[in-house]
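**Q** Next comes the structure file structure_13.cif, holding mmCIF, C-alpha atoms.
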data_run
#
loop_
_atom_site.label_atom_id
_atom_site.label_comp_id
_atom_site.auth_asym_id
_atom_site.auth_seq_id
_atom_site.Cartn_x
_atom_site.Cartn_y
_atom_site.Cartn_z
CA MET A 1 -54.26 11.82 94.93
CA SER A 2 -51.89 14.78 95.28
CA ASP A 3 -52.63 18.34 96.34
CA GLU A 4 -52.22 19.37 92.68
CA ALA A 5 -54.83 16.85 91.55
CA PHE A 6 -57.38 18.05 94.09
CA ILE A 7 -56.71 21.70 93.22
CA ARG A 8 -57.19 20.90 89.52
CA ARG A 9 -60.56 19.47 90.47
CA THR A 10 -61.46 22.80 92.10
CA PHE A 11 -60.62 24.50 88.79
CA GLU A 12 -63.01 22.15 86.97
CA LEU A 13 -65.77 22.90 89.43
CA ALA A 14 -65.13 26.64 89.34
CA ARG A 15 -65.55 26.76 85.55
CA ARG A 16 -69.15 25.60 85.96
CA GLY A 17 -69.94 29.11 87.17
CA LEU A 18 -68.50 30.80 84.08
CA GLY A 19 -70.92 33.47 82.91
CA THR A 20 -73.15 33.44 86.00
CA THR A 21 -70.89 34.56 88.87
CA TRP A 22 -69.84 38.04 87.67
CA PRO A 23 -68.71 40.25 89.30
CA ASN A 24 -67.63 37.52 91.71
CA PRO A 25 -64.70 35.18 91.00
CA LEU A 26 -64.86 31.58 89.78
CA VAL A 27 -64.42 29.32 92.78
CA GLY A 28 -64.63 25.57 93.33
CA ALA A 29 -64.14 23.60 96.54
CA VAL A 30 -63.40 19.96 97.37
CA ILE A 31 -63.52 18.38 100.82
CA VAL A 32 -61.27 15.34 101.34
CA LYS A 33 -61.17 12.86 104.22
CA ASN A 34 -58.93 9.80 104.39
CA ASP A 35 -57.69 10.71 100.90
CA GLN A 36 -61.23 10.44 99.47
CA ILE A 37 -63.44 13.22 98.16
CA ILE A 38 -66.51 13.38 100.39
CA SER A 39 -68.06 16.60 99.08
CA GLU A 40 -67.76 19.25 96.35
CA GLY A 41 -69.22 22.64 95.59
CA PHE A 42 -68.84 25.71 93.40
CA HIS A 43 -70.05 29.29 93.35
CA ILE A 44 -72.99 29.78 91.01
CA ARG A 45 -74.23 33.38 91.32
CA PRO A 46 -73.74 36.59 93.34
CA GLY A 47 -75.61 36.37 96.62
CA GLY A 48 -75.59 32.57 96.47
CA PRO A 49 -73.48 30.28 98.66
CA HIS A 50 -69.74 30.48 98.16
CA ALA A 51 -68.03 27.32 96.95
CA GLU A 52 -66.79 26.35 100.42
CA LEU A 53 -70.27 26.67 101.94
CA ALA A 54 -71.83 24.77 99.03
CA ALA A 55 -69.38 21.90 99.64
CA ILE A 56 -70.05 21.94 103.38
CA GLU A 57 -73.82 21.84 102.88
CA ALA A 58 -73.48 18.96 100.40
CA ALA A 59 -71.50 16.80 102.86
CA ARG A 60 -73.24 13.75 104.31
CA GLU A 61 -70.76 13.04 107.11
CA SER A 62 -68.79 14.89 109.76
CA LEU A 63 -66.10 17.22 108.43
CA GLU A 64 -64.05 16.98 111.60
CA GLY A 65 -60.39 16.46 110.67
CA SER A 66 -60.96 16.84 106.91
CA THR A 67 -59.02 18.89 104.36
CA LEU A 68 -60.64 21.53 102.19
CA TYR A 69 -59.18 22.37 98.78
CA VAL A 70 -60.23 25.66 97.19
CA ASN A 71 -58.78 27.68 94.32
CA LEU A 72 -59.25 31.07 96.03
CA GLU A 73 -58.59 32.14 99.60
CA PRO A 74 -61.68 31.81 101.82
CA CYS A 75 -63.20 35.17 102.71
CA SER A 76 -63.14 36.54 106.24
CA HIS A 77 -65.04 39.84 105.99
CA THR A 78 -68.76 40.48 106.55
CA ASN A 79 -69.24 43.22 103.94
CA LYS A 80 -71.25 41.00 101.60
CA LEU A 81 -74.48 39.05 101.22
CA THR A 82 -73.05 35.72 102.39
CA PRO A 83 -71.42 34.87 105.75
CA PRO A 84 -67.60 34.65 105.91
CA CYS A 85 -66.33 31.26 104.82
CA ALA A 86 -63.23 31.12 107.02
CA GLN A 87 -65.27 31.18 110.22
CA ARG A 88 -67.55 28.39 108.98
CA LEU A 89 -64.53 26.20 108.15
CA ILE A 90 -63.28 26.64 111.71
CA LYS A 91 -66.71 25.81 113.12
CA GLU A 92 -66.92 22.59 111.09
CA GLY A 93 -63.59 21.34 112.48
CA ILE A 94 -61.77 21.30 109.15
CA ARG A 95 -58.13 20.53 109.96
CA LYS A 96 -56.33 21.77 106.84
CA VAL A 97 -57.05 24.17 103.97
CA VAL A 98 -55.12 24.03 100.68
CA ILE A 99 -55.42 27.08 98.41
CA SER A 100 -54.26 27.98 94.94
CA ASN A 101 -54.44 31.82 95.03
CA LEU A 102 -54.69 34.56 97.61
CA ASP A 103 -57.70 36.80 97.05
CA PRO A 104 -56.56 40.16 95.59
CA ASN A 105 -59.61 41.88 97.12
CA PRO A 106 -58.06 44.17 99.76
CA GLN A 107 -60.89 43.21 102.14
CA VAL A 108 -59.63 39.62 102.07
CA ASN A 109 -56.02 39.50 100.82
CA GLY A 110 -54.27 37.29 103.38
CA GLN A 111 -56.80 37.91 106.13
CA GLY A 112 -58.70 34.69 105.52
CA ILE A 113 -55.50 32.70 105.87
CA ALA A 114 -54.49 34.64 108.99
CA LEU A 115 -57.85 33.90 110.65
CA LEU A 116 -57.62 30.18 109.89
CA ARG A 117 -54.07 29.91 111.18
CA ALA A 118 -54.93 31.84 114.32
CA GLN A 119 -57.52 29.16 115.09
CA GLY A 120 -55.08 26.29 114.56
CA VAL A 121 -56.04 25.35 111.01
CA GLU A 122 -53.08 24.32 108.84
CA VAL A 123 -52.99 26.36 105.63
CA VAL A 124 -51.02 25.72 102.44
CA HIS A 125 -51.27 28.17 99.54
CA GLY A 126 -49.71 28.73 96.13
CA ILE A 127 -50.59 25.32 94.67
CA LEU A 128 -50.82 25.74 90.85
CA ALA A 129 -51.02 29.49 91.42
CA PRO A 130 -50.30 30.48 87.77
CA GLU A 131 -53.15 28.25 86.55
CA GLY A 132 -55.43 29.70 89.22
CA GLU A 133 -54.48 33.22 88.19
CA LYS A 134 -55.38 32.47 84.58
CA LEU A 135 -58.71 30.97 85.60
CA ASN A 136 -59.65 34.19 87.40
CA GLU A 137 -57.86 36.67 85.12
CA VAL A 138 -60.99 38.84 84.90
CA PHE A 139 -61.57 39.11 88.65
CA PHE A 140 -57.87 39.60 89.41
CA LEU A 141 -57.47 42.46 86.91
CA ALA A 142 -60.67 44.14 88.11
CA GLN A 143 -59.47 44.05 91.72
CA ARG A 144 -55.95 45.25 90.93
CA GLU A 145 -56.69 47.91 88.31
CA ARG A 146 -60.24 48.88 89.34
CA ARG A 147 -61.63 48.55 85.82
CA PRO A 148 -63.30 45.91 83.63
CA PHE A 149 -61.42 43.22 81.71
CA LEU A 150 -61.83 43.91 77.96
CA ASN A 151 -61.75 41.05 75.45
CA LEU A 152 -61.70 42.11 71.79
CA LYS A 153 -63.44 39.60 69.53
CA VAL A 154 -62.56 39.84 65.84
CA ALA A 155 -63.45 37.78 62.78
CA ALA A 156 -60.82 38.37 60.09
CA THR A 157 -59.12 36.86 57.07
CA LEU A 158 -55.50 35.72 56.85
CA ASP A 159 -54.53 39.21 55.71
CA GLY A 160 -56.25 40.82 58.71
CA LYS A 161 -59.36 42.14 56.97
CA MET A 162 -62.69 42.15 58.76
CA ALA A 163 -64.76 43.55 55.88
CA LEU A 164 -64.66 44.61 52.25
CA GLY A 165 -64.06 48.25 51.45
CA SER A 166 -67.84 48.58 51.04
CA GLY A 167 -68.36 47.38 54.61
CA GLU A 168 -69.70 43.94 53.68
CA SER A 169 -68.65 41.46 56.37
CA GLN A 170 -71.29 38.74 56.48
CA TRP A 171 -69.85 36.27 56.72
CA ILE A 172 -66.08 36.24 57.15
CA THR A 173 -66.16 33.04 59.20
CA GLY A 174 -68.12 29.79 58.97
CA PRO A 175 -71.22 28.67 60.89
CA GLU A 176 -69.28 26.78 63.57
CA ALA A 177 -67.27 29.86 64.50
CA ARG A 178 -70.38 32.04 64.54
CA ALA A 179 -72.11 29.57 66.86
CA HIS A 180 -69.06 29.62 69.13
CA VAL A 181 -69.35 33.42 69.40
CA HIS A 182 -72.71 32.97 71.13
CA GLN A 183 -71.07 30.66 73.66
CA LEU A 184 -68.41 33.32 74.21
CA ARG A 185 -71.06 36.03 74.64
CA ALA A 186 -72.74 33.96 77.35
CA GLN A 187 -69.46 33.93 79.31
CA HIS A 188 -69.28 37.74 79.44
CA GLN A 189 -71.26 40.26 81.46
CA ALA A 190 -71.54 42.72 78.60
CA ILE A 191 -71.01 43.19 74.86
CA LEU A 192 -69.72 46.56 73.63
CA VAL A 193 -69.94 48.14 70.18
CA GLY A 194 -69.28 51.59 68.75
CA GLY A 195 -71.87 53.88 67.23
CA GLY A 196 -70.59 53.13 63.73
CA THR A 197 -71.13 49.40 64.14
CA LEU A 198 -74.62 50.02 65.51
CA ARG A 199 -75.58 52.24 62.58
CA ARG A 200 -74.10 49.90 59.97
CA ASP A 201 -75.07 46.45 61.27
CA ASN A 202 -77.93 46.98 63.76
CA PRO A 203 -76.61 44.09 65.88
CA ARG A 204 -78.79 42.42 68.53
CA LEU A 205 -75.82 41.40 70.74
CA THR A 206 -77.86 38.59 72.30
CA VAL A 207 -77.07 34.95 73.01
CA ARG A 208 -79.08 32.88 70.54
CA THR A 209 -78.16 29.24 71.10
CA PRO A 210 -80.57 27.03 73.12
CA GLU A 211 -78.08 25.94 75.79
CA TYR A 212 -77.10 29.55 76.62
CA ALA A 213 -80.26 31.50 75.69
CA GLY A 214 -81.14 32.17 79.33
CA VAL A 215 -77.94 34.17 79.83
CA GLN A 216 -78.28 37.60 78.25
CA PRO A 217 -75.42 40.11 78.65
CA TRP A 218 -75.64 43.86 78.99
CA ARG A 219 -75.39 45.65 75.63
CA ILE A 220 -73.17 48.75 75.57
CA VAL A 221 -72.91 51.42 72.87
CA VAL A 222 -70.10 53.98 72.82
CA SER A 223 -70.69 57.03 70.60
CA ARG A 224 -68.97 60.38 70.15
CA SER A 225 -71.81 62.08 68.29
CA GLY A 226 -74.83 60.61 70.07
CA GLN A 227 -76.47 60.28 66.65
CA LEU A 228 -77.95 56.82 66.92
CA ASN A 229 -81.03 55.22 65.38
CA VAL A 230 -83.94 54.96 67.83
CA SER A 231 -85.30 52.01 65.83
CA ALA A 232 -82.13 49.93 66.41
CA SER A 233 -82.77 46.55 68.03
CA LEU A 234 -80.83 47.48 71.17
CA PHE A 235 -83.36 50.23 71.93
CA GLN A 236 -86.53 48.36 70.97
CA ASP A 237 -86.23 44.65 71.79
CA ALA A 238 -87.23 42.74 74.91
CA HIS A 239 -83.79 43.33 76.46
CA ARG A 240 -83.69 47.12 75.98
CA ASP A 241 -83.53 47.61 79.76
CA ARG A 242 -80.07 45.98 79.57
CA THR A 243 -78.75 48.51 77.04
CA LEU A 244 -76.30 51.21 78.19
CA VAL A 245 -75.23 54.19 76.09
CA TYR A 246 -72.05 56.22 76.62
CA THR A 247 -71.87 59.37 74.52
CA GLU A 248 -69.80 62.54 74.34
CA ALA A 249 -72.73 64.55 72.92
CA PRO A 250 -76.45 64.50 73.76
CA LEU A 251 -78.26 61.37 72.61
CA SER A 252 -80.41 62.04 69.52
CA PHE A 253 -83.58 60.56 71.08
CA SER A 254 -85.14 59.98 74.46
CA PHE A 255 -83.97 56.91 76.41
CA PRO A 256 -84.10 56.19 80.19
CA GLY A 257 -81.64 58.51 81.89
CA ALA A 258 -80.18 55.79 84.10
CA GLN A 259 -79.05 53.99 80.94
CA VAL A 260 -77.38 56.99 79.25
CA THR A 261 -74.11 58.48 80.51
CA ARG A 262 -72.25 61.49 79.13
CA VAL A 263 -68.50 60.87 79.01
CA ARG A 264 -65.36 62.68 77.88
CA ASN A 265 -63.31 59.68 76.83
CA LEU A 266 -62.91 55.90 77.03
CA ARG A 267 -61.43 56.09 80.50
CA ASP A 268 -64.73 57.55 81.70
CA VAL A 269 -66.55 54.62 80.10
CA VAL A 270 -64.52 51.91 81.83
CA GLU A 271 -64.68 53.75 85.17
CA ASP A 272 -68.47 53.91 85.00
CA LEU A 273 -68.76 50.26 84.00
CA PHE A 274 -66.65 49.29 87.00
CA ARG A 275 -68.86 51.45 89.21
CA ARG A 276 -71.82 49.45 87.90
CA ARG A 277 -69.92 46.25 88.81
CA ILE A 278 -69.58 45.22 85.17
CA ILE A 279 -66.11 43.67 85.01
CA CYS A 280 -66.13 41.27 82.03
CA VAL A 281 -66.73 42.92 78.66
CA MET A 282 -66.53 41.47 75.16
CA LEU A 283 -65.83 44.00 72.41
CA GLU A 284 -67.44 43.53 69.00
CA CYS A 285 -66.45 46.94 67.67
CA GLY A 286 -64.93 48.15 64.42
CA PRO A 287 -61.34 49.17 63.63
CA SER A 288 -61.68 52.77 64.86
CA LEU A 289 -62.80 51.99 68.41
CA SER A 290 -60.59 48.90 68.62
CA SER A 291 -57.56 50.99 67.65
CA GLU A 292 -58.40 53.68 70.18
CA LEU A 293 -58.75 51.14 72.98
CA LEU A 294 -55.39 49.63 72.06
CA LYS A 295 -53.76 53.08 72.05
CA GLU A 296 -55.17 53.65 75.54
CA ARG A 297 -53.76 50.26 76.68
CA LEU A 298 -57.24 49.09 77.63
CA LEU A 299 -57.32 45.83 75.68
CA ASP A 300 -56.62 42.80 77.85
CA ARG A 301 -57.35 39.85 75.56
CA LEU A 302 -57.72 39.33 71.82
CA THR A 303 -59.98 36.55 70.58
CA LEU A 304 -59.48 36.16 66.83
CA TYR A 305 -61.53 33.91 64.60
CA GLN A 306 -59.27 33.71 61.55
CA SER A 307 -60.71 32.57 58.25
CA PRO A 308 -58.25 30.85 55.85
CA THR A 309 -59.21 33.29 53.11
CA LEU A 310 -57.86 36.52 51.61
CA ILE A 311 -59.55 39.80 50.77
CA GLY A 312 -56.74 42.17 49.82
CA ARG A 313 -57.95 45.75 49.90
CA GLY A 314 -60.60 46.11 52.59
CA GLN A 315 -61.13 47.17 56.21
CA GLY A 316 -58.35 45.99 58.51
CA MET A 317 -59.00 45.01 62.10
CA LEU A 318 -56.73 47.80 63.43
CA ASP A 319 -56.60 50.26 60.54
CA HIS A 320 -56.44 53.26 62.88
CA PHE A 321 -53.57 51.99 65.03
CA SER A 322 -49.95 52.70 64.15
CA ILE A 323 -46.49 52.56 65.72
CA ASP A 324 -43.20 54.26 64.88
CA LYS A 325 -40.89 51.28 65.29
CA LEU A 326 -41.13 47.53 65.51
CA SER A 327 -40.08 47.45 69.15
CA GLN A 328 -43.39 49.16 70.00
CA ARG A 329 -45.50 46.28 68.73
CA PRO A 330 -48.14 44.99 71.13
CA ARG A 331 -47.94 41.20 71.30
CA LEU A 332 -50.01 38.28 72.51
CA THR A 333 -48.88 36.11 75.40
CA GLU A 334 -50.34 32.90 76.86
CA ILE A 335 -51.59 32.05 73.38
CA GLU A 336 -54.11 29.28 72.77
CA THR A 337 -55.18 28.05 69.32
CA ARG A 338 -57.67 25.53 67.98
CA TRP A 339 -59.78 24.93 64.92
CA ILE A 340 -63.50 25.60 65.02
CA GLY A 341 -64.92 24.24 61.81
CA GLU A 342 -62.97 25.78 58.94
CA ASP A 343 -61.65 28.70 61.03
CA GLN A 344 -58.81 28.96 63.52
CA LEU A 345 -59.44 30.46 66.94
CA ILE A 346 -56.44 32.35 68.32
CA THR A 347 -56.67 33.94 71.76
CA GLY A 348 -54.11 35.48 74.10
CA ARG A 349 -53.45 38.25 76.57
CA VAL A 350 -52.50 41.58 75.02
CA LEU A 351 -49.13 42.86 76.16
CA CYS A 352 -48.31 46.44 75.18
CA SER A 353 -44.72 47.56 74.72
CA GLN A 354 -43.20 49.85 77.32
CA ASP A 355 -41.02 51.46 74.62
#
What do you get writing this file as structure tokens?
**A**
Amino acid sequence: MSDEAFIRRTFELARRGLGTTWPNPLVGAVIVKNDQIISEGFHIRPGGPHAELAAIEAARESLEGSTLYVNLEPCSHTNKLTPPCAQRLIKEGIRKVVISNLDPNPQVNGQGIALLRAQGVEVVHGILAPEGEKLNEVFFLAQRERRPFLNLKVAATLDGKMALGSGESQWITGPEARAHVHQLRAQHQAILVGGGTLRRDNPRLTVRTPEYAGVQPWRIVVSRSGQLNVSASLFQDAHRDRTLVYTEAPLSFSFPGAQVTRVRNLRDVVEDLFRRRIICVMLECGPSLSSELLKERLLDRLTLYQSPTLIGRGQGMLDHFSIDKLSQRPRLTEIETRWIGEDQLITGRVLCSQD
């Protein structure tokens, strides 16, 4: 097998940690000896063994002279709960390390490679780097921009409407797409809505499919007025201790102070979420908040469940966003599409115009 094939295997392993590793990256590791895989591992949760250590511990033979493949540069610093991987690789006598991406964390960035090379370990990096970057798009953006990655989820018709003029929206999409949303929720650290959506829909924002029910995200409410309903599910259910409120005015009822933060704007919200180490957020908000986030260039991905139906006059997904000329249009890049039941899923990175 080639280096590319072994690195692709690390990607497959890394994806097994999707939804459980945040705020850590997705990492898989493969140990090869005499061109045969002898051990594999992946990172499962913060504080747990890193992928390289998991692969080492799973090995049933000496690793002397072997090659380790890993999608992200092995760490070298001690400012964490787990011991540095680079030093363990040296101790085990691993001869060569093949890497997809350098770690953008300034505490690591290049230092893991430097330590390995200084101890005589051959290092190759950059193998399938664009694919590795896409795999860890959330972690990479959080490290580089010091804020969470925001993924806007929308269910809309062919003409871009997410509700009737009356506000009726259940259901724009079919049961398969709605079930898929729960899978998507389980892959995010938090789900965010605006005060208007909370007042209108009283959403639970929980994962409610058996295979993902053990993974419950944070629930986040952003409100200008602070006038929210104390009886809403987010404030009363079994997961209320995982509800955060960001408001520009005092909250209209009593709620634990550690879960309520006064803010001036959306930038304050994302800064506080990052401080809390929440880096992967799914947005299920209405057109007003979605438009404001787009204006602030804070949307990173759009995930659109598009129903092959038409509404005509109704509530558009970005009714409060406007531009002065076509050259200012935000666009999607790295687009992926597929059918889920009767609806089409379209997802891509949001690229805002510099015009």
**Q** Just the residues within 8 Å of Gln344 of chain A, please, counting all atoms listed in the file, with nothing from its chain fewer than 4 positions along; format it as an MDAnalysis selection string.
**A** chainID A and resid 304:308 337:340
**Q** Can you give me, as a CSV table (one decimal) with C-alpha atoms, in the coordinates of the input, the residues this file yields under the PyMOL selection byres ((chain A and resi 196) around 10)?
**A**
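Wrote part04.csv, looks like this:
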chain,number,residue,atom,x,y,z
A,193,VAL,CA,-69.9,48.1,70.2
A,194,GLY,CA,-69.3,51.6,68.8
A,195,GLY,CA,-71.9,53.9,67.2
A,197,THR,CA,-71.1,49.4,64.1
A,198,LEU,CA,-74.6,50.0,65.5
A,199,ARG,CA,-75.6,52.2,62.6
A,200,ARG,CA,-74.1,49.9,60.0
A,201,ASP,CA,-75.1,46.4,61.3
A,202,ASN,CA,-77.9,47.0,63.8
A,221,VAL,CA,-72.9,51.4,72.9
A,222,VAL,CA,-70.1,54.0,72.8
A,223,SER,CA,-70.7,57.0,70.6
A,224,ARG,CA,-69.0,60.4,70.2
A,227,GLN,CA,-76.5,60.3,66.6
A,228,LEU,CA,-78.0,56.8,66.9
A,285,CYS,CA,-66.4,46.9,67.7
A,286,GLY,CA,-64.9,48.2,64.4
A,288,SER,CA,-61.7,52.8,64.9
A,289,LEU,CA,-62.8,52.0,68.4
**Q** Name every residue that the PyMOL selection byres ((chain A and resi 219) around 9) selects in this structure, writing the answer as a list in words with chains first and numbers rising.
**A** Gln189, Ala190, Ile191, Leu192, Val193, Arg204, Leu205, Thr206, Gln216, Pro217, Trp218, Ile220, Val221, Leu234, His239, Arg240, Arg242, Thr243, Leu244 and Val245 of chain A
**Q** Using only C-alpha atoms for the distances, tell me which of A:Leu152, A:Ile94, A:Ala179, A:Val260 is nearest to Met282 of chain A.
**A** A:Leu152
**Q** Going by the chain IDs and residue numbers used in this file, which residues fall under the PyMOL selection byres ((chain A and resi 119) around 12)? Write them as number ranges by chain.
**A** A: 86-91, 93-96, 112-118, 120-123
**Q** Please define a box with edges along x, y and z of the file around all atoms of segment 276-292 of chain A given in the file, extend it by 8 Å on each side, and return its centre and edge lengths in Å to one decimal, as lines of an AutoDock Vina configuration file.
**A**
center_x = -64.7
center_y = 47.5
center_z = 76.2
size_x = 30.3
size_y = 28.4
size_z = 41.2
**Q** Have a look at atom CA of Pro106 of chain A and atom CA of Arg45 of chain A and let me know their distance in Å, one decimal.
**A**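 Separation between atom CA of Pro106 of chain A and atom CA of Arg45 of chain A: 21.2 Å.
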**Q** Rounded to one decimal in Å, what is the spacing between atom CA of Leu128 of chain A and atom CA of Gly47 of chain A?
**A** 27.6 Å
**Q** Quick one: of A:Gly65, A:Pro49, A:Ile56, A:Pro104, who's nearest to Lys33 of chain A, counting only C-alpha atoms?
**A**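 Of all the options, A:Gly65 lies closest to Lys33 of chain A.
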**Q** Please determine the residues with any atom at most 9 Å from (-62.8, 17.9, 93.1) (coordinates as given in the file, with all atoms listed in the file counting) and report them as an mmCIF file with C-alpha atoms, keeping the file's coordinate frame.
**A**
data_model
loop_
_atom_site.group_PDB
_atom_site.id
_atom_site.type_symbol
_atom_site.label_atom_id
_atom_site.label_comp_id
_atom_site.auth_asym_id
_atom_site.auth_seq_id
_atom_site.Cartn_x
_atom_site.Cartn_y
_atom_site.Cartn_z
ATOM 1 C CA ALA A 5 -54.830 16.850 91.550
ATOM 2 C CA PHE A 6 -57.380 18.050 94.090
ATOM 3 C CA ILE A 7 -56.710 21.700 93.220
ATOM 4 C CA ARG A 8 -57.190 20.900 89.520
ATOM 5 C CA ARG A 9 -60.560 19.470 90.470
ATOM 6 C CA THR A 10 -61.460 22.800 92.100
ATOM 7 C CA PHE A 11 -60.620 24.500 88.790
ATOM 8 C CA GLU A 12 -63.010 22.150 86.970
ATOM 9 C CA LEU A 13 -65.770 22.900 89.430
ATOM 10 C CA GLY A 28 -64.630 25.570 93.330
ATOM 11 C CA ALA A 29 -64.140 23.600 96.540
ATOM 12 C CA VAL A 30 -63.400 19.960 97.370
ATOM 13 C CA ILE A 31 -63.520 18.380 100.820
ATOM 14 C CA VAL A 32 -61.270 15.340 101.340
ATOM 15 C CA ILE A 37 -63.440 13.220 98.160
ATOM 16 C CA SER A 39 -68.060 16.600 99.080
ATOM 17 C CA GLU A 40 -67.760 19.250 96.350
ATOM 18 C CA GLY A 41 -69.220 22.640 95.590
ATOM 19 C CA TYR A 69 -59.180 22.370 98.780
#
**Q** With all atoms listed in the file as the basis for distance, which of A:Gly167, A:Ser225, A:Leu302, A:Arg147 is at the shortest distance from Asp272 of chain A?
**A**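 Under the stated criterion, the closest residue is A:Arg147.
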**Q** A:Pro203, A:Gly316, A:Pro148, A:Gly19: which is nearest Leu184 of chain A, counting only C-alpha atoms?
**A**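 Counting only C-alpha atoms, the residue closest to Leu184 of chain A is A:Gly19.
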**Q** Tell me, as a list in words, which residues lie within 6 Å of Thr347 of chain A, counting all atoms listed in the file; anything in the same chain fewer than 6 positions away does not count.
**A**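 Answer for this query is Leu302, Thr303, Ile335 and Glu336 of chain A.
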**Q** Expressed in Å to a single decimal, how great is the separation between atom CA of Ala54 of chain A and atom CA of Val98 of chain A?
**A** 16.8 Å
**Q** Find, counting all atoms listed in the file, the residue in A:Asp241, A:Glu296, A:Ser100, A:Leu150 that gets nearest to Ala258 of chain A.
**A**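 Counting all atoms listed in the file, the residue closest to Ala258 of chain A is A:Asp241.
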**Q** Tell me which protein, DNA and RNA residues are within 9 Å of segment 320-325 of chain A, counting only C-alpha atoms, leaving out same-chain ones fewer than 6 positions away, and put them as a list in words.
**A**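 After dropping sequence-adjacent residues, the list is Pro287, Ser288, Leu289, Ser290, Ser291, Glu292, Leu294 and Lys295 of chain A.
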**Q** Would you please work out which residue, of A:Leu68, A:Ala232, A:Leu299, A:Ile44, is nearest to Phe253 of chain A when using all atoms listed in the file?
**A**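 Closest residue, counting all atoms listed in the file: A:Ala232.
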**Q** Around (-71.4, 33.8, 85.6), as given in the file, which residues come within 12 Å? Count all atoms listed in the file and list them as an MDAnalysis selection string.
**A** chainID A and resid 14:27 42:46 48 136 138:139 184:190 212 214:217 278:280
**Q** Give me the residues near Pro130 of chain A as number ranges by chain, where near means some atom within 12 Å (using only C-alpha atoms) and where sequence neighbours in that chain fewer than 2 positions away do not count.
**A** A: 8, 11, 71, 100-102, 126-128, 132-137, 140, 334
**Q** Starting from the structure just given, write a file holding segment 158-170 of chain A with N, CA and C atoms, as a PDB file, in the first residue's frame.
**A**
ATOM      1  N   LEU A 158     -37.625  25.113  -2.744  1.00  0.00           N
ATOM      2  CA  LEU A 158     -36.845  25.488  -3.923  1.00  0.00           C
ATOM      3  C   LEU A 158     -36.740  26.997  -4.078  1.00  0.00           C
ATOM      4  N   ASP A 159     -37.777  27.723  -3.631  1.00  0.00           N
ATOM      5  CA  ASP A 159     -37.718  29.181  -3.736  1.00  0.00           C
ATOM      6  C   ASP A 159     -37.205  29.836  -2.451  1.00  0.00           C
ATOM      7  N   GLY A 160     -36.478  29.060  -1.632  1.00  0.00           N
ATOM      8  CA  GLY A 160     -35.758  29.625  -0.498  1.00  0.00           C
ATOM      9  C   GLY A 160     -36.594  29.982   0.702  1.00  0.00           C
ATOM     10  N   LYS A 161     -37.804  29.450   0.807  1.00  0.00           N
ATOM     11  CA  LYS A 161     -38.674  29.785   1.939  1.00  0.00           C
ATOM     12  C   LYS A 161     -38.566  28.712   3.017  1.00  0.00           C
ATOM     13  N   MET A 162     -38.457  29.178   4.267  1.00  0.00           N
ATOM     14  CA  MET A 162     -38.359  28.259   5.391  1.00  0.00           C
ATOM     15  C   MET A 162     -39.633  28.223   6.231  1.00  0.00           C
ATOM     16  N   ALA A 163     -40.628  29.034   5.852  1.00  0.00           N
ATOM     17  CA  ALA A 163     -41.911  29.025   6.561  1.00  0.00           C
ATOM     18  C   ALA A 163     -42.923  29.823   5.760  1.00  0.00           C
ATOM     19  N   LEU A 164     -44.195  29.589   6.054  1.00  0.00           N
ATOM     20  CA  LEU A 164     -45.255  30.434   5.503  1.00  0.00           C
ATOM     21  C   LEU A 164     -45.195  31.810   6.145  1.00  0.00           C
ATOM     22  N   GLY A 165     -45.931  32.747   5.595  1.00  0.00           N
ATOM     23  CA  GLY A 165     -45.980  34.077   6.187  1.00  0.00           C
ATOM     24  C   GLY A 165     -46.494  34.047   7.615  1.00  0.00           C
ATOM     25  N   SER A 166     -47.325  33.063   7.940  1.00  0.00           N
ATOM     26  CA  SER A 166     -47.881  32.912   9.289  1.00  0.00           C
ATOM     27  C   SER A 166     -46.866  32.350  10.272  1.00  0.00           C
ATOM     28  N   GLY A 167     -45.745  31.836   9.757  1.00  0.00           N
ATOM     29  CA  GLY A 167     -44.739  31.216  10.607  1.00  0.00           C
ATOM     30  C   GLY A 167     -44.793  29.708  10.598  1.00  0.00           C
ATOM     31  N   GLU A 168     -45.818  29.114   9.992  1.00  0.00           N
ATOM     32  CA  GLU A 168     -45.914  27.658   9.947  1.00  0.00           C
ATOM     33  C   GLU A 168     -44.746  27.075   9.149  1.00  0.00           C
ATOM     34  N   SER A 169     -44.043  26.102   9.763  1.00  0.00           N
ATOM     35  CA  SER A 169     -42.879  25.517   9.098  1.00  0.00           C
ATOM     36  C   SER A 169     -42.791  24.004   9.266  1.00  0.00           C
ATOM     37  N   GLN A 170     -43.713  23.410   9.968  1.00  0.00           N
ATOM     38  CA  GLN A 170     -43.660  21.975  10.214  1.00  0.00           C
ATOM     39  C   GLN A 170     -44.641  21.237   9.322  1.00  0.00           C
TER      40      GLN A 170
END
